[in-house]
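The structure under discussion appears below in the form of structure tokens.
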Amino acid sequence: MKVAKHKVVSIDYKLTDDDGETIDSSEGMDPLTYLHGEGNIIPGLENALDDKSVGEQLNVSVSPADGYGERDDKLVHAVPREQFGDESDIEVGMRFRVPTENDEELVVAVVDVKDDAITVDGNHDLAGMTLHFDVTVREIRDATEEEIAHGHAHVGGDHD
Ligand code: ZN
């Protein structure tokens, strides 16, 4: 069996930056399991996994355009503190979900705190970065009808 649309694929992976520093890894955890062909992982990695078999190992470098996008300075805003309502202990690094104009949610991170204003950054942490993946395919199976209908894999009865 090969990786293709509507296969459920499990991979072990290590993600490093341009300096070889590890950003994320499945080492010591369960493999990452996802439904292929539905955009559940970044396009650069999903495309590279197409047609691969169990046991295959690949090294993929993903540009920002095929990863989490370029950094967008327009997503960095200073927000008047009163918009945070009663929240008094806001610190750099905290994350909030905020609604966007088209009814989606954006996760923003607090990057600066002043008495009257809080600066938030809506860029993904990995935006603007070239991502280097070291991936091994561990398992491939057919997706169930329910998984295809939902557009994601169901792992161990979990439903995220
Ligand atoms: Zn589901």
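Naming works like this for the structure tokens: A, B, ... for the chains as they're shown, residue 1 at the start of each chain, ligands 1 onward in shown order.
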Check your understanding: Which of region 13-152 of chain A counts as helix (DSSP H, G or I) under DSSP, as a VMD selection string please?
Key -> chain A and resid 43 to 49 64 to 66 73 to 75 81 to 84 145 to 150
For the selection you just gave me, I'd like the residues written to a file as a compact mmCIF listing (two decimals), in the first residue's frame, keeping N, CA and C atoms.
# COMPACT_ATOMS: atom_id res chain seq x y z
N PRO A 43 1.28 21.63 3.12
CA PRO A 43 1.32 21.11 1.75
C PRO A 43 2.69 20.54 1.35
N GLY A 44 3.77 21.20 1.73
CA GLY A 44 5.09 20.73 1.33
C GLY A 44 5.39 19.33 1.84
N LEU A 45 4.91 19.02 3.03
CA LEU A 45 5.15 17.69 3.60
C LEU A 45 4.17 16.68 3.02
N GLU A 46 2.92 17.09 2.88
CA GLU A 46 1.92 16.18 2.33
C GLU A 46 2.30 15.75 0.90
N ASN A 47 2.72 16.71 0.08
CA ASN A 47 3.11 16.38 -1.30
C ASN A 47 4.30 15.43 -1.33
N ALA A 48 5.26 15.65 -0.43
CA ALA A 48 6.46 14.82 -0.42
C ALA A 48 6.14 13.38 -0.02
N LEU A 49 5.06 13.20 0.75
CA LEU A 49 4.71 11.86 1.23
C LEU A 49 3.91 11.05 0.21
N PRO A 64 8.63 28.47 3.18
CA PRO A 64 7.48 29.06 3.89
C PRO A 64 6.20 28.99 3.07
N ALA A 65 6.30 29.18 1.75
CA ALA A 65 5.09 29.17 0.91
C ALA A 65 4.37 27.83 0.99
N ASP A 66 5.11 26.74 1.15
CA ASP A 66 4.49 25.41 1.26
C ASP A 66 4.41 24.95 2.71
N ASP A 73 3.69 41.34 8.59
CA ASP A 73 3.77 42.37 9.64
C ASP A 73 2.40 42.96 9.97
N LYS A 74 1.45 42.83 9.02
CA LYS A 74 0.11 43.36 9.29
C LYS A 74 -0.61 42.56 10.37
N LEU A 75 -0.10 41.38 10.69
CA LEU A 75 -0.73 40.57 11.73
C LEU A 75 -0.21 40.92 13.13
N ARG A 81 -5.41 48.13 26.04
CA ARG A 81 -5.54 47.13 27.10
C ARG A 81 -6.99 46.86 27.47
N GLU A 82 -7.84 47.89 27.37
CA GLU A 82 -9.23 47.68 27.80
C GLU A 82 -9.94 46.62 26.95
N GLN A 83 -9.43 46.35 25.74
CA GLN A 83 -10.05 45.30 24.93
C GLN A 83 -9.86 43.92 25.54
N PHE A 84 -8.95 43.81 26.49
CA PHE A 84 -8.75 42.52 27.15
C PHE A 84 -9.64 42.39 28.38
N GLU A 145 -15.14 5.25 6.17
CA GLU A 145 -16.07 6.21 5.57
C GLU A 145 -16.27 7.41 6.49
N GLU A 146 -16.30 7.11 7.79
CA GLU A 146 -16.51 8.20 8.74
C GLU A 146 -15.34 9.18 8.72
N GLU A 147 -14.12 8.64 8.65
CA GLU A 147 -12.95 9.52 8.60
C GLU A 147 -12.97 10.39 7.34
N ILE A 148 -13.35 9.78 6.22
CA ILE A 148 -13.41 10.55 4.97
C ILE A 148 -14.48 11.64 5.08
N ALA A 149 -15.62 11.26 5.66
CA ALA A 149 -16.70 12.24 5.82
C ALA A 149 -16.28 13.40 6.72
N HIS A 150 -15.50 13.08 7.75
CA HIS A 150 -15.07 14.13 8.68
C HIS A 150 -13.85 14.89 8.18
**Study point:** Contact residues around region 128-135 of chain A with only C-alpha atoms at 9 Å, ignoring same-chain residues under 6 positions, as a list in words
**Key:**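 The residues that qualify are Ile11, Asp12, Tyr13, Lys14, Leu15, Thr16, Asp17, Asp18, Gly20, Leu45, Leu49, Glu56, Gln57, Leu58, Asn59, Val60, Ser61, Val62, Ser63, Pro64, Ala65, Gly67, Tyr68, Gly69, Glu70, Arg71 and Asp72 of chain A.
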Check your understanding: So which bits of chain A end up strand (DSSP E or B) when you DSSP the backbone, as a VMD selection string?
Key -> chain A and resid 2 7 to 16 22 to 25 32 to 35 53 57 to 62 76 to 80 95 to 99 105 to 113 117 to 121 131 to 142 155 158
Review point. Which distance in Å separates CA of Tyr34 (chain A) and CA of Asp121 (chain A), to one decimal?
Key: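 Separation between CA of Tyr34 (chain A) and CA of Asp121 (chain A): 28.1 Å.
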Exercise for review: Could you jot down the CA of Asp86 (chain A) to CA of Val120 (chain A) separation for me, Å, one decimal place?
Suggested key: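 Computing the Euclidean distance for CA of Asp86 (chain A) and CA of Val120 (chain A) yields 17.3 Å.
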Exercise for review: Skip region 106-117 of chain A itself and residues of its chain fewer than 5 positions away, then list as a ChimeraX atom specification all residues within 7 Å of it, counting only C-alpha atoms.
Suggested key: /A:78-81,91-100,122
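For Val8 (chain A), the set of protein, DNA and RNA residues having any atom at most 6 Å away, when counting only C-alpha atoms and skipping those fewer than 4 positions along the same chain, is A:Tyr34, A:Leu35, A:Ile140, A:Arg141, A:Asp142, A:Ala143.
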File of the preceding selection, all heavy atoms, as a PDB file, in the first residue's frame:
ATOM      1  N   TYR A  34      -2.478  10.957  10.389  1.00  0.00           N
ATOM      2  CA  TYR A  34      -3.329  11.959   9.736  1.00  0.00           C
ATOM      3  C   TYR A  34      -3.988  11.342   8.506  1.00  0.00           C
ATOM      4  O   TYR A  34      -3.535  10.318   7.979  1.00  0.00           O
ATOM      5  CB  TYR A  34      -2.489  13.194   9.355  1.00  0.00           C
ATOM      6  CG  TYR A  34      -1.608  12.945   8.151  1.00  0.00           C
ATOM      7  CD1 TYR A  34      -2.017  13.333   6.876  1.00  0.00           C
ATOM      8  CD2 TYR A  34      -0.407  12.272   8.289  1.00  0.00           C
ATOM      9  CE1 TYR A  34      -1.229  13.061   5.771  1.00  0.00           C
ATOM     10  CE2 TYR A  34       0.384  11.993   7.188  1.00  0.00           C
ATOM     11  CZ  TYR A  34      -0.035  12.394   5.927  1.00  0.00           C
ATOM     12  OH  TYR A  34       0.734  12.100   4.831  1.00  0.00           O
ATOM     13  N   LEU A  35      -5.040  11.985   8.044  1.00  0.00           N
ATOM     14  CA  LEU A  35      -5.729  11.578   6.813  1.00  0.00           C
ATOM     15  C   LEU A  35      -5.072  12.302   5.644  1.00  0.00           C
ATOM     16  O   LEU A  35      -5.064  13.535   5.594  1.00  0.00           O
ATOM     17  CB  LEU A  35      -7.217  11.937   6.905  1.00  0.00           C
ATOM     18  CG  LEU A  35      -8.059  11.632   5.659  1.00  0.00           C
ATOM     19  CD1 LEU A  35      -8.097  10.135   5.368  1.00  0.00           C
ATOM     20  CD2 LEU A  35      -9.472  12.181   5.844  1.00  0.00           C
ATOM     21  N   ILE A 140       0.307   2.647   6.978  1.00  0.00           N
ATOM     22  CA  ILE A 140      -0.645   3.184   5.996  1.00  0.00           C
ATOM     23  C   ILE A 140      -1.873   2.273   6.021  1.00  0.00           C
ATOM     24  O   ILE A 140      -1.736   1.050   5.992  1.00  0.00           O
ATOM     25  CB  ILE A 140      -0.068   3.177   4.557  1.00  0.00           C
ATOM     26  CG1 ILE A 140       1.267   3.932   4.497  1.00  0.00           C
ATOM     27  CG2 ILE A 140      -1.071   3.794   3.578  1.00  0.00           C
ATOM     28  CD1 ILE A 140       2.018   3.721   3.182  1.00  0.00           C
ATOM     29  N   ARG A 141      -3.047   2.862   6.115  1.00  0.00           N
ATOM     30  CA  ARG A 141      -4.276   2.052   6.024  1.00  0.00           C
ATOM     31  C   ARG A 141      -5.333   2.853   5.283  1.00  0.00           C
ATOM     32  O   ARG A 141      -5.218   4.071   5.126  1.00  0.00           O
ATOM     33  CB  ARG A 141      -4.774   1.655   7.422  1.00  0.00           C
ATOM     34  CG  ARG A 141      -5.241   2.817   8.282  1.00  0.00           C
ATOM     35  CD  ARG A 141      -5.979   2.315   9.525  1.00  0.00           C
ATOM     36  NE  ARG A 141      -6.202   3.374  10.510  1.00  0.00           N
ATOM     37  CZ  ARG A 141      -7.204   4.255  10.467  1.00  0.00           C
ATOM     38  NH1 ARG A 141      -8.072   4.254   9.471  1.00  0.00           N
ATOM     39  NH2 ARG A 141      -7.336   5.165  11.417  1.00  0.00           N
ATOM     40  N   ASP A 142      -6.368   2.130   4.830  1.00  0.00           N
ATOM     41  CA  ASP A 142      -7.502   2.816   4.226  1.00  0.00           C
ATOM     42  C   ASP A 142      -8.254   3.594   5.291  1.00  0.00           C
ATOM     43  O   ASP A 142      -8.406   3.121   6.422  1.00  0.00           O
ATOM     44  CB  ASP A 142      -8.462   1.801   3.584  1.00  0.00           C
ATOM     45  CG  ASP A 142      -7.861   1.155   2.345  1.00  0.00           C
ATOM     46  OD1 ASP A 142      -7.241   1.884   1.549  1.00  0.00           O
ATOM     47  OD2 ASP A 142      -8.003  -0.074   2.190  1.00  0.00           O
ATOM     48  N   ALA A 143      -8.726   4.761   4.948  1.00  0.00           N
ATOM     49  CA  ALA A 143      -9.568   5.524   5.868  1.00  0.00           C
ATOM     50  C   ALA A 143     -10.954   4.894   5.911  1.00  0.00           C
ATOM     51  O   ALA A 143     -11.406   4.272   4.947  1.00  0.00           O
ATOM     52  CB  ALA A 143      -9.670   6.969   5.409  1.00  0.00           C
TER      53      ALA A 143
END
Practice item. Could you check which of A:Asp89, A:Val155, A:Val9, A:Ile23 is closest to Asp50 (chain A), using only C-alpha atoms? Key: A:Val9
**Study point:** Nearest residue to His154 (chain A) from the set A:Lys2, A:Lys52, A:Lys7, A:Arg138 (distances using only C-alpha atoms)
**Key:** A:Lys7
